[in-house]
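Contents: one structure, followed by commentary.
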Amino acid sequence: MTTADGRNRTPAGLDDSLITEELARRSSHAPDYEAENRALAALAQEMTANPCDVLQKCAELAVALCHADSAGISLLEPGEEGVFRWHAAGGGLAAQAGRTVPQETCPSEAVIARDSVLLFREGERLFPGMRGIGPPVYEILLAPWHAYGEPVGALWAMKHTPEGQFDAEDARLLQSLAHTAAAAYQTTDALDKAEAGRTDLERRVADRTRALSEAHASVQTSEARLRAALEIETVGAIYLDPDGRIIEANDAFLAMGGYSRADLEAGRLTWQALTPPEWRDVSERAFAELRATGQIPPYEKEYFRQDGSRWCALFAGKLLPDGTIFEFVLDITARKQAEQALAAELKAMTRLHEVSRQVVDGAGLPAVLDAILDATIELHGADFGTIQLYDEKTRTLRIAAQRGFQQPFLDHFAKVGAVEASTCGMALARRERVTIEDVEQDPAYAPSLAVAREAGYRAVQSTPLVTPSGEMLGMLSTYFRQPHHLSDLDTKLTDVYARLAAEAIAQVRAEAALRASEARLAHELEGARQLQRFSSELLVEQHPQALYEQLLDAMMAIMRSQGASMQILDPDVKILKLLAWRGFHPDAAAFWDRVDCNSASTCGEALKTGRRILVSDTEACAFMAGTEDLAAYRLSNLRAVQSTPLRSRTGRALGMVSTHWRAPYTPSADDFSRFDVLTRQAADLIERAQTEAALRESETQARLLLAELQHRVRNTLAVIRSIAGQTAETSETVADYAMHLEGRIDAFARVQAAVTRDPSAGIDLASLVAEELLTCAAREGKQFRLSGPAVRLQPKAAETVGLAIHELATNAVKYGALASPNGHVTVTWCLKDNDDDQRLRIEWTETGVPIVSLAPRRSGFGTELLTQTLPYQLRGAATLTFQPGGLKCIMDLPVKGVLQ
């Protein structure tokens with residue numbers, strides 16, 4: 001045992017070679033707890049089977065675990081002041097076991113002085129006792145060796161090559177071996193001394209050479225030593241009877257399980273009661289081995305603590321001569337927990353690596369969020385989870401990924417603000433993690449408690465996803481069916497996941513923004529090229545339909561659409577006519593061939609409102625719901641559409657252009673900006689086509705009118721010549737001739753004037769008859785009445801019918817109803833069907849003539865016109881009847897060739 005003065009005595013220049021602090025800076029190899037457990041088990045087995053070789057076994061294990069070239073144990077030699085003995089040596093210095101070294105030339109003295117792990121480089125320079133005993137020593141790592149609470153030596157390990165270096169894990173292993181082996185050695189030493197005392201007692205009793213009092217004192221001393229060995233705080237020791245009841249145990253074992261000595265003395269501690277059901281088979285096999293061989297190799301199992309929790313221990317035992325069983329017990333709960341924590345951390349880091357690789361590989365934000373959410377749920381052992389992304393515009397969180405929830409929960413938390421009474425809302429407001437271990441017990445969660453009950457969770461945590469600069473990106477939440485507490489490791493790893501998620505979201509968003517920018521630039525470039533090509537083609541004379549087709553292709557490229565259409569407006573009936581289309585089903589194209597403002601399509605709505613109409617999703621559009629237009633969109637597999645009116649530069653409506661998408665879509669403002677350039681060109685194209693068509697039609701009409709004029713002039717002259725000739729034949733005097741000729745030419749002129757006003761419209765029959773009667777000063781309503789459907793006569797037929805009405809009116813003024821104050825003329829007409837030959841029937845009826853003469857003795861111009869000219873020119877028939885009260889004339893004419 002060293003003295004206080006000895007412990008404070010260290011060689012001069014010690015700090016020059018002492019490099020212990022480098023252990024913290026060196027890269028440390030990963031802990032191998034399995035190998036460590038095997039080493040401790042081997043040490044325990046050696047302690048039970050060969051107690052004398054425990055120190056040598058410890059040295060060999062130090063060589064293996066610390067990857068040393070040599071290792072050994074140096075202890076102060078009892079009875080020899082200032083001398084260390086190498087009680088064990090392994091590796092390159094194995095042959096030096098048993099040698100002694102002066103205290104002042106040995107590094108173990110420095111370890112005793114500082115009572116801590118030390119690392120020296122080139123120790124031979126500082127400690128002469130190490131010179132010449134073997135290979136050169138480049139590094140030596142030492143851990144203090146304790147006996148009965150005091151440092152008495154060191155467990156050391158050496159590197160004999162320049163490249164050899166120890167790390168912090170080597171230091172931890174060496175210190176662990178030193179503590180365990182020292183405890184084992186102390187116990188073995190106590191047992192050996194006890195055994196030696198017992199042997200000595202037996203010898204003295206047998207020889208009867210010593211007094212009984214001395215023997216009793218020796219036994220007490222031996223038992224005291226054994227008790228001292230059993231009082232080691234780090235190693236448990238128990239005695240069991242053959243039935244498995246623990247009949248004796250040291251305080252270390254009782255402390256491990258939280259039991260009192262009263263529990264032990266009451267006989268309540270048995271290995272059967274302390275062992276969980278799933279570990280019974282392990283114990284049964286161990287005790288079977290004990291019965292067969294007399295000892296129990298080291299084995300692991302769990303015991304119940306008094307509070308019901310569990311602890312894990314390493315056991316090794318031996319059957320004593322009196323039938324009792326002795327077992328050493330090492331508490332390895334912390335090591336097991338460390339292994340589990342390390343495994344969990346390694347697994348979490350593996351998942352982090354996988355997620356990071358997905359980010360690097362450009363897996364996309366949804367896949368990255370799903371991977372992070374799955375990893376966090378697995379880490380926490382959670383039942384549900386969500387990741388929400390933060391919308392800066394609305395300052396709300398929106399679910400981007402979820403696991404395990406039904407629609408009611410998703411609807412309730414579709415948008416969450418900072419005032420929401422939920423963990424994600426509170427975490428958003430505080431910008432820090434919020435955990436509720438039991439929502440049933442937390443008043444702050446009361447407003448969302450009904451949702452929690454319906455969804456089936458009792459505990460929840462929400463961790464904000466924030467960039468290093470403090471930008472809020474989202475929220476990571478996990479949910480548990482039962483009340484739950486997150487461990488420190490859970491929260492630490494969750495922070496790592498959250499940090500990675502934030503980085504991934506920021507990176508993916510940045511990459512997405514970059515790709516979108518590049519795509520937008522490429523799209524804008526292509527759009528500009530399309531506009532340039534189309535503008536160039538407009539300068540070249542082409543057929544309008546070809547330009548319409550090219551315009552649709554340009555619109556689809558600019559708007560990224562899968563369909564497009566162009567319509568022209570008929571201003572008279574306000575109907576859009578389909579000019580060209582892309583992406584329609586043929587039946588849908590036929591359905592939209594004519595569209596008015598009552599159509600439930602975007603072009604119908606745009607026609608009605610006069611402004612652009614955008615429907616980003618036809619299935620969600622209210623004015624399309626349940627209509628044939630929606631069915632046409634579905635038939636063409638279209639889900640989004642926009643329609644833009646085309647107007648001339650003076651504001652006149654010209655038509656409509658539309659683009660269509662096969663999925664819900666909303667074009668950007670830039671898309672519409674470029675698209676509007678195309679619509680301007682489309683409007684100019686349509687207006688130019690309409691102007692050119694109107695010019696061509698005007699030219700054609702002028703040629704037709706000129707030809708018609710020439711024809712009519714010839715016909716007019718022929719008719720006038722005929723009228724003049726027939727009038728001359730039927731007139732008795734020059735005055736009579738002049739009067740009749742003037743009236744007939746005037747009647748003919750009135751018809752020609754009506755025809756000239758609108759040659760294609762025809763002559764309204766009612767207007768023609770009324771004008772002739774009004775010319776004769778007849779008053780409508782008092783002297784004549786007209787009745788019949790609206791019909792229009794062809795110009796040629798109007799000339800003949802007009803002259804016939806003129807002759808009947810002139811005759812009425814001279815001799816008939818219009819010559820009498822009480823006379824009245826009724827003119828009616830109607831359309832009749834006669835064996836698939838529709839006829840026009842005109843009746844002229846005079847009444848109120850006081851004197852009705854017989855039919856005229858000779859036929860004049862009027863009679864010949866009605867009975868000869870009219871049937872000849874119009875293929876009709878006329879009858880004249882002179883009845884009491886006045887004349888009645890019926891003209892029966894075919895509709896074909898007479899009516900317009």
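Ordering of the structure tokens sets the chain letters (A, B, ...), residue numbers begin anew at 1 in every chain, and ligands are numbered from 1 in the order given.
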
Backbone-only DSSP, strand (DSSP E or B) members of stretch 130-159 of chain A, as number ranges by chain
A: 139-147, 150-159

Dump of all heavy atoms for the selected residues, as a compact mmCIF listing (two decimals), in the first residue's frame:
# COMPACT_ATOMS: atom_id res chain seq x y z
N GLU A 139 4.05 4.07 -27.22
CA GLU A 139 2.97 4.60 -26.41
C GLU A 139 2.60 3.58 -25.35
O GLU A 139 2.64 2.36 -25.60
CB GLU A 139 1.70 4.90 -27.24
CG GLU A 139 1.77 6.18 -28.03
CD GLU A 139 0.41 6.63 -28.54
OE1 GLU A 139 -0.61 5.93 -28.29
OE2 GLU A 139 0.36 7.69 -29.18
N ILE A 140 2.28 4.09 -24.15
CA ILE A 140 1.82 3.21 -23.07
C ILE A 140 0.59 3.85 -22.44
O ILE A 140 0.60 5.03 -22.07
CB ILE A 140 2.93 2.95 -22.03
CG1 ILE A 140 2.38 2.06 -20.90
CG2 ILE A 140 3.50 4.26 -21.49
CD1 ILE A 140 3.48 1.54 -19.98
N LEU A 141 -0.49 3.07 -22.37
CA LEU A 141 -1.77 3.51 -21.81
C LEU A 141 -1.98 2.77 -20.50
O LEU A 141 -1.87 1.54 -20.45
CB LEU A 141 -2.92 3.20 -22.79
CG LEU A 141 -4.33 3.58 -22.37
CD1 LEU A 141 -4.46 5.11 -22.29
CD2 LEU A 141 -5.35 3.01 -23.36
N LEU A 142 -2.26 3.50 -19.39
CA LEU A 142 -2.37 2.89 -18.06
C LEU A 142 -3.68 3.28 -17.41
O LEU A 142 -4.12 4.44 -17.51
CB LEU A 142 -1.21 3.32 -17.15
CG LEU A 142 0.21 3.05 -17.67
CD1 LEU A 142 0.77 4.33 -18.31
CD2 LEU A 142 1.12 2.56 -16.52
N ALA A 143 -4.30 2.32 -16.70
CA ALA A 143 -5.51 2.57 -15.92
C ALA A 143 -5.24 2.14 -14.48
O ALA A 143 -4.62 1.10 -14.24
CB ALA A 143 -6.69 1.79 -16.49
N PRO A 144 -5.68 2.93 -13.49
CA PRO A 144 -5.37 2.59 -12.09
C PRO A 144 -6.05 1.29 -11.66
O PRO A 144 -7.16 0.98 -12.08
CB PRO A 144 -5.91 3.79 -11.32
CG PRO A 144 -6.91 4.43 -12.24
CD PRO A 144 -6.45 4.17 -13.62
N TRP A 145 -5.34 0.57 -10.79
CA TRP A 145 -5.83 -0.73 -10.25
C TRP A 145 -6.06 -0.49 -8.75
O TRP A 145 -5.18 -0.06 -8.03
CB TRP A 145 -4.79 -1.81 -10.48
CG TRP A 145 -5.23 -3.18 -10.03
CD1 TRP A 145 -5.27 -3.65 -8.77
CD2 TRP A 145 -5.65 -4.23 -10.87
NE1 TRP A 145 -5.73 -4.94 -8.74
CE2 TRP A 145 -5.97 -5.33 -10.05
CE3 TRP A 145 -5.79 -4.38 -12.25
CZ2 TRP A 145 -6.42 -6.55 -10.56
CZ3 TRP A 145 -6.24 -5.58 -12.75
CH2 TRP A 145 -6.56 -6.65 -11.92
N HIS A 146 -7.33 -0.74 -8.32
CA HIS A 146 -7.70 -0.46 -6.94
C HIS A 146 -7.84 -1.74 -6.13
O HIS A 146 -8.28 -2.77 -6.65
CB HIS A 146 -9.03 0.31 -6.87
CG HIS A 146 -8.94 1.70 -7.42
ND1 HIS A 146 -9.01 1.98 -8.78
CD2 HIS A 146 -8.77 2.91 -6.79
CE1 HIS A 146 -8.90 3.27 -8.96
NE2 HIS A 146 -8.75 3.86 -7.79
N ALA A 147 -7.49 -1.62 -4.85
CA ALA A 147 -7.73 -2.71 -3.89
C ALA A 147 -8.26 -2.07 -2.62
O ALA A 147 -7.60 -1.20 -2.05
CB ALA A 147 -6.45 -3.48 -3.62
N GLU A 150 -8.25 1.78 -2.68
CA GLU A 150 -7.01 2.53 -2.85
C GLU A 150 -6.30 2.06 -4.12
O GLU A 150 -6.29 0.87 -4.42
CB GLU A 150 -6.08 2.33 -1.65
CG GLU A 150 -6.61 2.92 -0.36
CD GLU A 150 -6.61 4.44 -0.38
OE1 GLU A 150 -5.78 5.02 -1.13
OE2 GLU A 150 -7.45 5.04 0.31
N PRO A 151 -5.64 3.00 -4.85
CA PRO A 151 -4.86 2.59 -6.02
C PRO A 151 -3.59 1.89 -5.58
O PRO A 151 -2.83 2.42 -4.74
CB PRO A 151 -4.56 3.92 -6.74
CG PRO A 151 -4.63 4.96 -5.68
CD PRO A 151 -5.66 4.49 -4.70
N VAL A 152 -3.33 0.71 -6.14
CA VAL A 152 -2.16 -0.07 -5.73
C VAL A 152 -1.31 -0.46 -6.93
O VAL A 152 -0.34 -1.19 -6.78
CB VAL A 152 -2.59 -1.33 -4.96
CG1 VAL A 152 -3.28 -0.95 -3.66
CG2 VAL A 152 -3.49 -2.20 -5.82
N GLY A 153 -1.72 -0.02 -8.14
CA GLY A 153 -0.95 -0.40 -9.32
C GLY A 153 -1.68 0.06 -10.57
O GLY A 153 -2.47 0.99 -10.55
N ALA A 154 -1.40 -0.66 -11.67
CA ALA A 154 -2.00 -0.24 -12.95
C ALA A 154 -2.15 -1.43 -13.87
O ALA A 154 -1.35 -2.38 -13.83
CB ALA A 154 -1.15 0.84 -13.61
N LEU A 155 -3.20 -1.34 -14.72
CA LEU A 155 -3.35 -2.23 -15.88
C LEU A 155 -2.86 -1.41 -17.06
O LEU A 155 -3.38 -0.32 -17.33
CB LEU A 155 -4.82 -2.63 -16.08
CG LEU A 155 -5.15 -3.37 -17.38
CD1 LEU A 155 -4.40 -4.70 -17.46
CD2 LEU A 155 -6.67 -3.62 -17.49
N TRP A 156 -1.81 -1.92 -17.78
CA TRP A 156 -1.23 -1.11 -18.84
C TRP A 156 -1.25 -1.84 -20.16
O TRP A 156 -1.34 -3.07 -20.22
CB TRP A 156 0.19 -0.68 -18.47
CG TRP A 156 1.08 -1.80 -17.93
CD1 TRP A 156 1.35 -2.06 -16.63
CD2 TRP A 156 1.80 -2.78 -18.70
NE1 TRP A 156 2.18 -3.13 -16.49
CE2 TRP A 156 2.48 -3.60 -17.79
CE3 TRP A 156 1.94 -3.05 -20.05
CZ2 TRP A 156 3.28 -4.67 -18.18
CZ3 TRP A 156 2.74 -4.10 -20.46
CH2 TRP A 156 3.40 -4.90 -19.52
N ALA A 157 -1.19 -1.05 -21.25
CA ALA A 157 -1.13 -1.59 -22.62
C ALA A 157 -0.12 -0.76 -23.39
O ALA A 157 -0.03 0.46 -23.20
CB ALA A 157 -2.50 -1.52 -23.29
N MET A 158 0.67 -1.43 -24.26
CA MET A 158 1.77 -0.76 -24.97
C MET A 158 1.64 -0.93 -26.47
O MET A 158 1.09 -1.93 -26.95
CB MET A 158 3.12 -1.32 -24.53
CG MET A 158 3.48 -1.07 -23.08
SD MET A 158 5.10 -1.77 -22.70
CE MET A 158 5.27 -1.35 -20.96
N LYS A 159 2.16 0.09 -27.21
CA LYS A 159 2.32 0.02 -28.65
C LYS A 159 3.83 0.03 -28.94
O LYS A 159 4.55 0.93 -28.48
CB LYS A 159 1.68 1.24 -29.33
CG LYS A 159 0.16 1.30 -29.22
CD LYS A 159 -0.53 0.35 -30.19
CE LYS A 159 -2.03 0.59 -30.20
NZ LYS A 159 -2.73 -0.28 -31.16

All residues 12 Å or closer to A:Leu500, only C-alpha atoms, same chain fewer than 6 positions away omitted, as number ranges by chain
A: 348-349, 351-359, 368-369, 371-373, 375-376, 464-468, 473, 476, 493-494, 506-508

Go through stretch 745-895 of chain A and collect every residue that DSSP, computed from the backbone, puts in helix (DSSP H, G or I); the answer should be as a PyMOL selection string.
chain A and resi 745-757+765-775+795-814+817-819+861-874

Leaving out A:Leu818 and any residue of its chain fewer than 2 positions from it, which residues lie within 9 Å of it when counting only C-alpha atoms, given as a PyMOL selection string?
chain A and resi 776-778+783-784+809-816+820-825+846+849

Could you name the residues that touch A:Thr679 at 10 Å or less, counting only C-alpha atoms, but leaving out those on the same chain fewer than 5 positions away, as an NGL selection string?
:A and (551 or 555 or 644-647 or 656-658 or 672 or 674 or 684-685)

Would you mind exporting the chosen residues as a short mmCIF file (atom, residue, chain, number, x, y, z; two decimals), in the first residue's frame, restricted to all heavy atoms?
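Wrote again-v9.cif, looks like this:
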data_model
loop_
_atom_site.label_atom_id
_atom_site.label_comp_id
_atom_site.auth_asym_id
_atom_site.auth_seq_id
_atom_site.Cartn_x
_atom_site.Cartn_y
_atom_site.Cartn_z
N LEU A 551 -51.71 28.85 -85.73
CA LEU A 551 -51.98 29.63 -84.53
C LEU A 551 -52.32 28.73 -83.35
O LEU A 551 -51.87 28.95 -82.22
CB LEU A 551 -53.13 30.61 -84.80
CG LEU A 551 -53.51 31.54 -83.65
CD1 LEU A 551 -52.33 32.46 -83.33
CD2 LEU A 551 -54.73 32.37 -84.02
N MET A 555 -50.39 28.50 -79.76
CA MET A 555 -51.10 28.67 -78.48
C MET A 555 -50.83 27.50 -77.56
O MET A 555 -50.58 27.67 -76.35
CB MET A 555 -52.60 28.82 -78.74
CG MET A 555 -53.00 30.14 -79.34
SD MET A 555 -54.78 30.45 -79.26
CE MET A 555 -55.42 29.06 -80.16
N THR A 644 -60.65 33.08 -74.22
CA THR A 644 -60.33 34.51 -74.29
C THR A 644 -61.02 35.12 -75.51
O THR A 644 -60.82 34.64 -76.63
CB THR A 644 -58.82 34.72 -74.40
OG1 THR A 644 -58.18 34.15 -73.25
CG2 THR A 644 -58.48 36.20 -74.49
N PRO A 645 -61.86 36.16 -75.32
CA PRO A 645 -62.52 36.80 -76.47
C PRO A 645 -61.51 37.47 -77.40
O PRO A 645 -60.49 38.00 -76.96
CB PRO A 645 -63.44 37.83 -75.81
CG PRO A 645 -63.62 37.38 -74.40
CD PRO A 645 -62.33 36.72 -74.04
N LEU A 646 -61.82 37.43 -78.69
CA LEU A 646 -61.03 38.13 -79.70
C LEU A 646 -61.77 39.40 -80.10
O LEU A 646 -62.96 39.34 -80.44
CB LEU A 646 -60.81 37.24 -80.93
CG LEU A 646 -59.99 35.96 -80.70
CD1 LEU A 646 -59.92 35.15 -81.99
CD2 LEU A 646 -58.59 36.29 -80.21
N ARG A 647 -61.09 40.53 -80.06
CA ARG A 647 -61.70 41.80 -80.42
C ARG A 647 -60.82 42.52 -81.43
O ARG A 647 -59.59 42.42 -81.40
CB ARG A 647 -61.91 42.68 -79.18
CG ARG A 647 -62.88 42.09 -78.18
CD ARG A 647 -63.19 43.06 -77.06
NE ARG A 647 -64.12 42.48 -76.11
CZ ARG A 647 -65.44 42.44 -76.28
NH1 ARG A 647 -65.96 42.97 -77.39
NH2 ARG A 647 -66.24 41.90 -75.38
N MET A 656 -63.38 33.80 -80.54
CA MET A 656 -62.92 33.26 -79.26
C MET A 656 -61.77 32.29 -79.52
O MET A 656 -61.79 31.53 -80.50
CB MET A 656 -64.07 32.52 -78.57
CG MET A 656 -63.84 32.24 -77.10
SD MET A 656 -64.06 33.72 -76.09
CE MET A 656 -65.78 34.13 -76.45
N VAL A 657 -60.75 32.33 -78.66
CA VAL A 657 -59.69 31.32 -78.67
C VAL A 657 -59.65 30.67 -77.29
O VAL A 657 -59.82 31.34 -76.27
CB VAL A 657 -58.31 31.91 -79.03
CG1 VAL A 657 -58.23 32.25 -80.49
CG2 VAL A 657 -58.00 33.13 -78.18
N SER A 658 -59.45 29.35 -77.27
CA SER A 658 -59.46 28.60 -76.01
C SER A 658 -58.31 27.61 -76.01
O SER A 658 -57.87 27.14 -77.06
CB SER A 658 -60.78 27.84 -75.85
OG SER A 658 -61.89 28.71 -75.94
N PHE A 672 -50.17 33.95 -69.77
CA PHE A 672 -51.25 34.75 -70.34
C PHE A 672 -50.71 35.98 -71.07
O PHE A 672 -51.28 36.43 -72.07
CB PHE A 672 -52.23 35.18 -69.25
CG PHE A 672 -53.28 34.16 -68.95
CD1 PHE A 672 -53.47 33.70 -67.64
CD2 PHE A 672 -54.08 33.64 -69.95
CE1 PHE A 672 -54.45 32.76 -67.36
CE2 PHE A 672 -55.06 32.70 -69.67
CZ PHE A 672 -55.25 32.25 -68.38
N ARG A 674 -47.89 36.23 -72.82
CA ARG A 674 -47.48 35.82 -74.17
C ARG A 674 -48.69 35.37 -74.99
O ARG A 674 -48.76 35.61 -76.20
CB ARG A 674 -46.45 34.69 -74.06
CG ARG A 674 -45.11 35.14 -73.51
CD ARG A 674 -44.07 34.04 -73.60
NE ARG A 674 -44.45 32.88 -72.80
CZ ARG A 674 -44.20 32.76 -71.51
NH1 ARG A 674 -43.60 33.74 -70.86
NH2 ARG A 674 -44.56 31.68 -70.85
N ASP A 684 -56.36 40.13 -85.38
CA ASP A 684 -55.99 40.81 -86.62
C ASP A 684 -56.16 39.90 -87.82
O ASP A 684 -56.60 40.34 -88.90
CB ASP A 684 -54.54 41.30 -86.55
CG ASP A 684 -54.36 42.44 -85.55
OD1 ASP A 684 -55.37 43.02 -85.15
OD2 ASP A 684 -53.20 42.71 -85.15
N LEU A 685 -55.80 38.61 -87.63
CA LEU A 685 -55.95 37.65 -88.72
C LEU A 685 -57.41 37.49 -89.11
O LEU A 685 -57.77 37.52 -90.30
CB LEU A 685 -55.36 36.30 -88.28
CG LEU A 685 -55.55 35.13 -89.25
CD1 LEU A 685 -54.86 35.42 -90.58
CD2 LEU A 685 -54.99 33.85 -88.64
#

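Among A:Val898, A:Ile73, A:Met556, A:Leu803, the residue with the shortest atom-to-atom distance to A:Lys57, counting only C-alpha atoms, is A:Ile73.
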
From the list A:Leu43, A:Ala30, A:Thr775, A:Thr618, which residue is nearest A:Ala343 when using only C-alpha atoms?
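Once distances to A:Ala343 are computed over only C-alpha atoms, the minimum belongs to A:Ala30.
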
What's the 9 Å shell around A:Leu899, counting only C-alpha atoms, without same-chain residues fewer than 6 positions away, as a VMD selection string?
chain A and resid 762 to 763 791 to 794 797 840

Let me see the file: selected residues, C-alpha atoms, as a PDB file, in the first residue's frame.
ATOM      1  CA  GLY A 762     -88.015  40.304-102.514  1.00  0.00           C
ATOM      2  CA  ILE A 763     -91.177  42.484-102.415  1.00  0.00           C
ATOM      3  CA  VAL A 791     -94.987  36.696 -97.910  1.00  0.00           C
ATOM      4  CA  ARG A 792     -92.434  38.244-100.253  1.00  0.00           C
ATOM      5  CA  LEU A 793     -92.599  38.074-104.056  1.00  0.00           C
ATOM      6  CA  GLN A 794     -89.695  37.530-106.374  1.00  0.00           C
ATOM      7  CA  ALA A 797     -93.394  38.021-110.180  1.00  0.00           C
ATOM      8  CA  LEU A 840    -100.596  31.374-103.344  1.00  0.00           C
TER       9      LEU A 840
END

Counting only C-alpha atoms, what is within 7 Å of stretch 596-612 of chain A, bar same-chain residues fewer than 2 positions away, as a CSV table (one decimal) with N, CA and C atoms, in the first residue's frame?
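Saved to out_32.csv:
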chain,number,residue,atom,x,y,z
A,574,LYS,N,-75.2,36.2,-82.8
A,574,LYS,CA,-74.4,36.1,-81.6
A,574,LYS,C,-74.1,34.6,-81.3
A,575,ILE,N,-73.6,33.9,-82.4
A,575,ILE,CA,-73.2,32.5,-82.2
A,575,ILE,C,-71.8,32.4,-82.7
A,576,LEU,N,-71.0,31.6,-81.9
A,576,LEU,CA,-69.6,31.3,-82.3
A,576,LEU,C,-69.6,30.0,-83.1
A,594,ARG,N,-71.4,25.0,-83.0
A,594,ARG,CA,-72.1,26.2,-82.8
A,594,ARG,C,-72.3,26.5,-81.3
A,614,LEU,N,-61.5,31.4,-67.0
A,614,LEU,CA,-60.6,30.3,-66.7
A,614,LEU,C,-61.3,29.4,-65.7
A,623,PHE,N,-71.0,26.3,-62.8
A,623,PHE,CA,-71.9,26.5,-63.9
A,623,PHE,C,-71.8,25.4,-64.9
A,624,MET,N,-70.8,24.4,-64.8
A,624,MET,CA,-70.8,23.3,-65.7
A,624,MET,C,-71.5,22.0,-65.1
A,627,THR,N,-74.1,19.4,-66.9
A,627,THR,CA,-74.5,19.9,-68.2
A,627,THR,C,-73.9,19.0,-69.3
A,629,ASP,N,-72.2,20.1,-71.7
A,629,ASP,CA,-70.8,20.6,-71.9
A,629,ASP,C,-69.8,19.9,-71.1
A,642,GLN,N,-59.5,27.5,-70.6
A,642,GLN,CA,-59.7,28.9,-70.6
A,642,GLN,C,-60.1,29.4,-71.9
A,643,SER,N,-61.0,30.4,-72.0
A,643,SER,CA,-61.4,31.0,-73.2
A,643,SER,C,-61.2,32.5,-73.2
A,644,THR,N,-60.6,33.1,-74.2
A,644,THR,CA,-60.3,34.5,-74.3
A,644,THR,C,-61.0,35.1,-75.5
A,645,PRO,N,-61.9,36.2,-75.3
A,645,PRO,CA,-62.5,36.8,-76.5
A,645,PRO,C,-61.5,37.5,-77.4
A,656,MET,N,-63.4,33.8,-80.5
A,656,MET,CA,-62.9,33.3,-79.3
A,656,MET,C,-61.8,32.3,-79.5

A:Gly788, A:Pro850, A:Gly862, A:Pro483 ranked by distance to A:Glu807, top pick (using only C-alpha atoms):
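Nearest to A:Glu807: A:Gly862.
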
Using only C-alpha atoms: which of A:Arg785, A:Lys301, A:Arg131, A:Arg99 has the shortest distance to A:Asp331
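Closest to A:Asp331 of all the choices is A:Lys301.
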